[in-house]
Structure formats: C-alpha cells, structure tokens
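Novice: One structure, as structure tokens, below. Some questions next.
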Amino acid sequence: SALGLPPLNANLATKMLHQTKIYEALKGVRGMKGVDTDKLKEVMVRFSVMVVDHPEIMECDINPLIAGPDGIVSLDSRVLLHGPEVKELPQPAIRPYPYQYSKARDFAGKKVQIRPVLHEDEEKLSKFYQ
C-alpha cells in the first residue's frame, strides 16, 4: 500500500503506484494486458481534488475499484459528510497549487506562461541550474 496527502498531481500519483506491492502486476502478468495506469493516476488525482475541494467530506469508501486495460470502474462507493455540529471543517495539510498566479504574458514578442513552480518541474530546474 502507499500513502499520499492530497492534493495529488500526476508525479505524486506515479510515485504512489510505484510504492505499491502490486505495481509490477498492474503492468501485466502471465500474458494478460496491464491496467491503464494513466487512467488510474487520473482517478487518483481527481479523487484527491474532490477531497480538497469538498472539506465537508468526512469519509469516502470505494470498494471495489476495478481497473483493467480498458478502463476503471467503481462498483460501490459511499461518502459520509461531517454533521452540522462540526463548525470548522478540516483543511488539507498541503495547500493546493496556486493556479490564480498563473498568467499568460507577452515577452520579447512571444507568448509565455508565468506560473509558480510545479512538482513536475523538478528535473528541468535541476538541469537549468547545472
């Protein structure tokens, strides 16, 4: 099993999958096609966004979640909300990415995107500073 704090992004979801004991099996075993891991990562990221966007969610259970080469489907799920007695809803341990600071600008005659650094930028930044 793997544990990650929301909000996840594609890189964090990938690292979580790699930490699981079943990762190799997800890629396919004994001639069977593997799971669509890109779709699985998308489900993980979208689920974490839902949790962050809706702090009124107290608990969520998806069981079973069936993943295969042709897609992913939940056969059963349950969502419990905090009751009205909860006056202050929990906040995520990690702040969501600040999309509000991302802007398109003209720079030297070219369109550029100015934005805060993303986790996915790590490798490019390392190369930039070498």
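Starting from 1 in every chain, residues are counted up; chains themselves are A, B, ... following the order of the structure tokens, and ligands are numbered from 1 as listed.
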Need the shell around stretch 59-67 of chain A: protein/DNA/RNA residues with any atom at most 10 Å away, counting only C-alpha atoms. Skip same-chain ones fewer than 2 positions apart. Format as a list in words?
Specialist: Leu26, Gly34, Val35, Asp36, Thr37, Lys39, Leu40, Phe47, Val51, Glu56, Ile57, Pro69, Asp70, Gly71, Ile72, Val73, Ser74, Leu75, Asp76, Ser77, Arg78, Val79, Leu80, Leu81 and His82 of chain A
Novice: Here is a test: counting only C-alpha atoms, which residue of A:Lys21, A:Lys41, A:Asn11, A:Gln100 is nearest to A:Glu123?
Specialist: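 Distance minimum relative to A:Glu123 lands on A:Asn11.
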Novice: Write out as JSON, numbers by chain the set of residues from stretch 3-99 of chain A that DSSP, computed on the backbone, places in strand (DSSP E or B).
Specialist: {"A": [57, 58, 59, 60, 61, 62, 65, 66, 67, 68, 71, 72, 73, 74, 77, 78, 79, 80, 81]}
Novice: Please produce an output containing N, CA and C atoms for each residue in the selection, written as a CSV table (one decimal), in the first residue's frame.
Specialist:
chain,number,residue,atom,x,y,z
A,57,ILE,N,-16.5,16.5,3.2
A,57,ILE,CA,-16.4,15.1,3.2
A,57,ILE,C,-15.6,14.6,4.4
A,58,MET,N,-16.2,13.7,5.2
A,58,MET,CA,-15.6,13.2,6.4
A,58,MET,C,-14.9,11.9,6.0
A,59,GLU,N,-15.5,11.1,5.2
A,59,GLU,CA,-15.0,9.7,4.9
A,59,GLU,C,-15.6,9.3,3.5
A,60,CYS,N,-14.7,8.6,2.8
A,60,CYS,CA,-15.1,8.1,1.5
A,60,CYS,C,-14.6,6.7,1.3
A,61,ASP,N,-15.4,5.8,0.8
A,61,ASP,CA,-15.0,4.4,0.6
A,61,ASP,C,-15.4,4.0,-0.8
A,62,ILE,N,-14.5,3.5,-1.5
A,62,ILE,CA,-14.7,3.0,-2.9
A,62,ILE,C,-14.2,1.5,-2.8
A,65,LEU,N,-12.9,-1.1,-6.6
A,65,LEU,CA,-12.5,-0.2,-7.7
A,65,LEU,C,-11.8,-1.2,-8.7
A,66,ILE,N,-12.4,-1.4,-9.8
A,66,ILE,CA,-11.9,-2.4,-10.7
A,66,ILE,C,-11.2,-1.7,-11.9
A,67,ALA,N,-9.9,-2.1,-12.0
A,67,ALA,CA,-9.0,-1.4,-13.0
A,67,ALA,C,-8.6,-2.5,-14.0
A,68,GLY,N,-8.6,-2.2,-15.3
A,68,GLY,CA,-8.2,-3.1,-16.3
A,68,GLY,C,-7.6,-2.3,-17.5
A,71,GLY,N,-10.2,0.4,-18.9
A,71,GLY,CA,-10.8,1.5,-18.0
A,71,GLY,C,-10.9,1.1,-16.6
A,72,ILE,N,-11.5,2.0,-15.8
A,72,ILE,CA,-11.6,1.8,-14.4
A,72,ILE,C,-13.1,2.1,-14.0
A,73,VAL,N,-13.6,1.3,-13.1
A,73,VAL,CA,-15.0,1.5,-12.7
A,73,VAL,C,-15.1,1.1,-11.2
A,74,SER,N,-15.9,1.9,-10.5
A,74,SER,CA,-16.2,1.7,-9.1
A,74,SER,C,-17.6,0.9,-9.1
A,77,SER,N,-19.6,2.7,-3.8
A,77,SER,CA,-18.9,3.7,-3.1
A,77,SER,C,-19.9,4.3,-2.1
A,78,ARG,N,-19.2,5.0,-1.1
A,78,ARG,CA,-20.0,5.6,0.0
A,78,ARG,C,-19.3,6.8,0.4
A,79,VAL,N,-20.0,7.9,0.6
A,79,VAL,CA,-19.5,9.2,1.1
A,79,VAL,C,-20.2,9.6,2.3
A,80,LEU,N,-19.5,9.9,3.4
A,80,LEU,CA,-20.1,10.4,4.6
A,80,LEU,C,-19.6,11.8,4.8
A,81,LEU,N,-20.6,12.7,5.2
A,81,LEU,CA,-20.3,14.1,5.4
A,81,LEU,C,-20.2,14.4,6.8
Novice: With only C-alpha atoms as the atoms that count, which of A:Ser48, A:Ser1, A:Ser102, A:Thr20 lies nearest to A:Val117?
Specialist: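 Residue with the minimum atom-to-atom distance to A:Val117: A:Ser102.
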Novice: Between atom CA of A:Pro7 and atom CA of A:Asp53, what distance in Å does the model show, to one decimal?
Specialist: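 These two atoms are separated by 9.4 Å.
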Novice: May I have the residues within 10 Å of A:Ile94 as a ChimeraX atom specification, using only C-alpha atoms and disregarding those fewer than 2 positions away in the same chain?
Specialist: /A:5-8,52,91-92,96-97
Novice: Go ahead and write the selection's residues with N, CA, C and O atoms as a short mmCIF file (atom, residue, chain, number, x, y, z; two decimals), in the first residue's frame.
Specialist:
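Saved file selection-v6.cif follows:
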data_model
loop_
_atom_site.label_atom_id
_atom_site.label_comp_id
_atom_site.auth_asym_id
_atom_site.auth_seq_id
_atom_site.Cartn_x
_atom_site.Cartn_y
_atom_site.Cartn_z
N LEU A 5 -0.67 12.54 0.57
CA LEU A 5 -1.56 13.60 1.05
C LEU A 5 -2.12 14.38 -0.13
O LEU A 5 -1.39 14.73 -1.05
N PRO A 6 -3.42 14.66 -0.09
CA PRO A 6 -3.99 15.46 -1.17
C PRO A 6 -3.57 16.92 -1.02
O PRO A 6 -3.28 17.36 0.09
N PRO A 7 -3.50 17.66 -2.08
CA PRO A 7 -3.88 17.27 -3.44
C PRO A 7 -2.71 16.58 -4.16
O PRO A 7 -1.57 17.00 -4.04
N LEU A 8 -3.02 15.52 -4.86
CA LEU A 8 -2.02 14.80 -5.65
C LEU A 8 -1.90 15.45 -7.02
O LEU A 8 -2.84 16.08 -7.51
N VAL A 52 -10.09 17.73 -1.55
CA VAL A 52 -9.64 19.08 -1.20
C VAL A 52 -10.74 20.11 -1.44
O VAL A 52 -10.94 21.02 -0.64
N GLN A 91 -8.86 21.30 7.04
CA GLN A 91 -8.14 21.86 5.90
C GLN A 91 -7.03 20.90 5.50
O GLN A 91 -6.50 20.18 6.35
N PRO A 92 -6.68 20.87 4.22
CA PRO A 92 -5.62 19.95 3.79
C PRO A 92 -4.27 20.31 4.41
O PRO A 92 -3.99 21.48 4.69
N PRO A 96 -3.32 23.56 -1.90
CA PRO A 96 -3.44 23.29 -3.34
C PRO A 96 -2.55 24.22 -4.16
O PRO A 96 -2.18 25.31 -3.71
N TYR A 97 -2.22 23.79 -5.37
CA TYR A 97 -1.41 24.59 -6.28
C TYR A 97 -2.10 25.93 -6.54
O TYR A 97 -3.29 25.97 -6.82
#
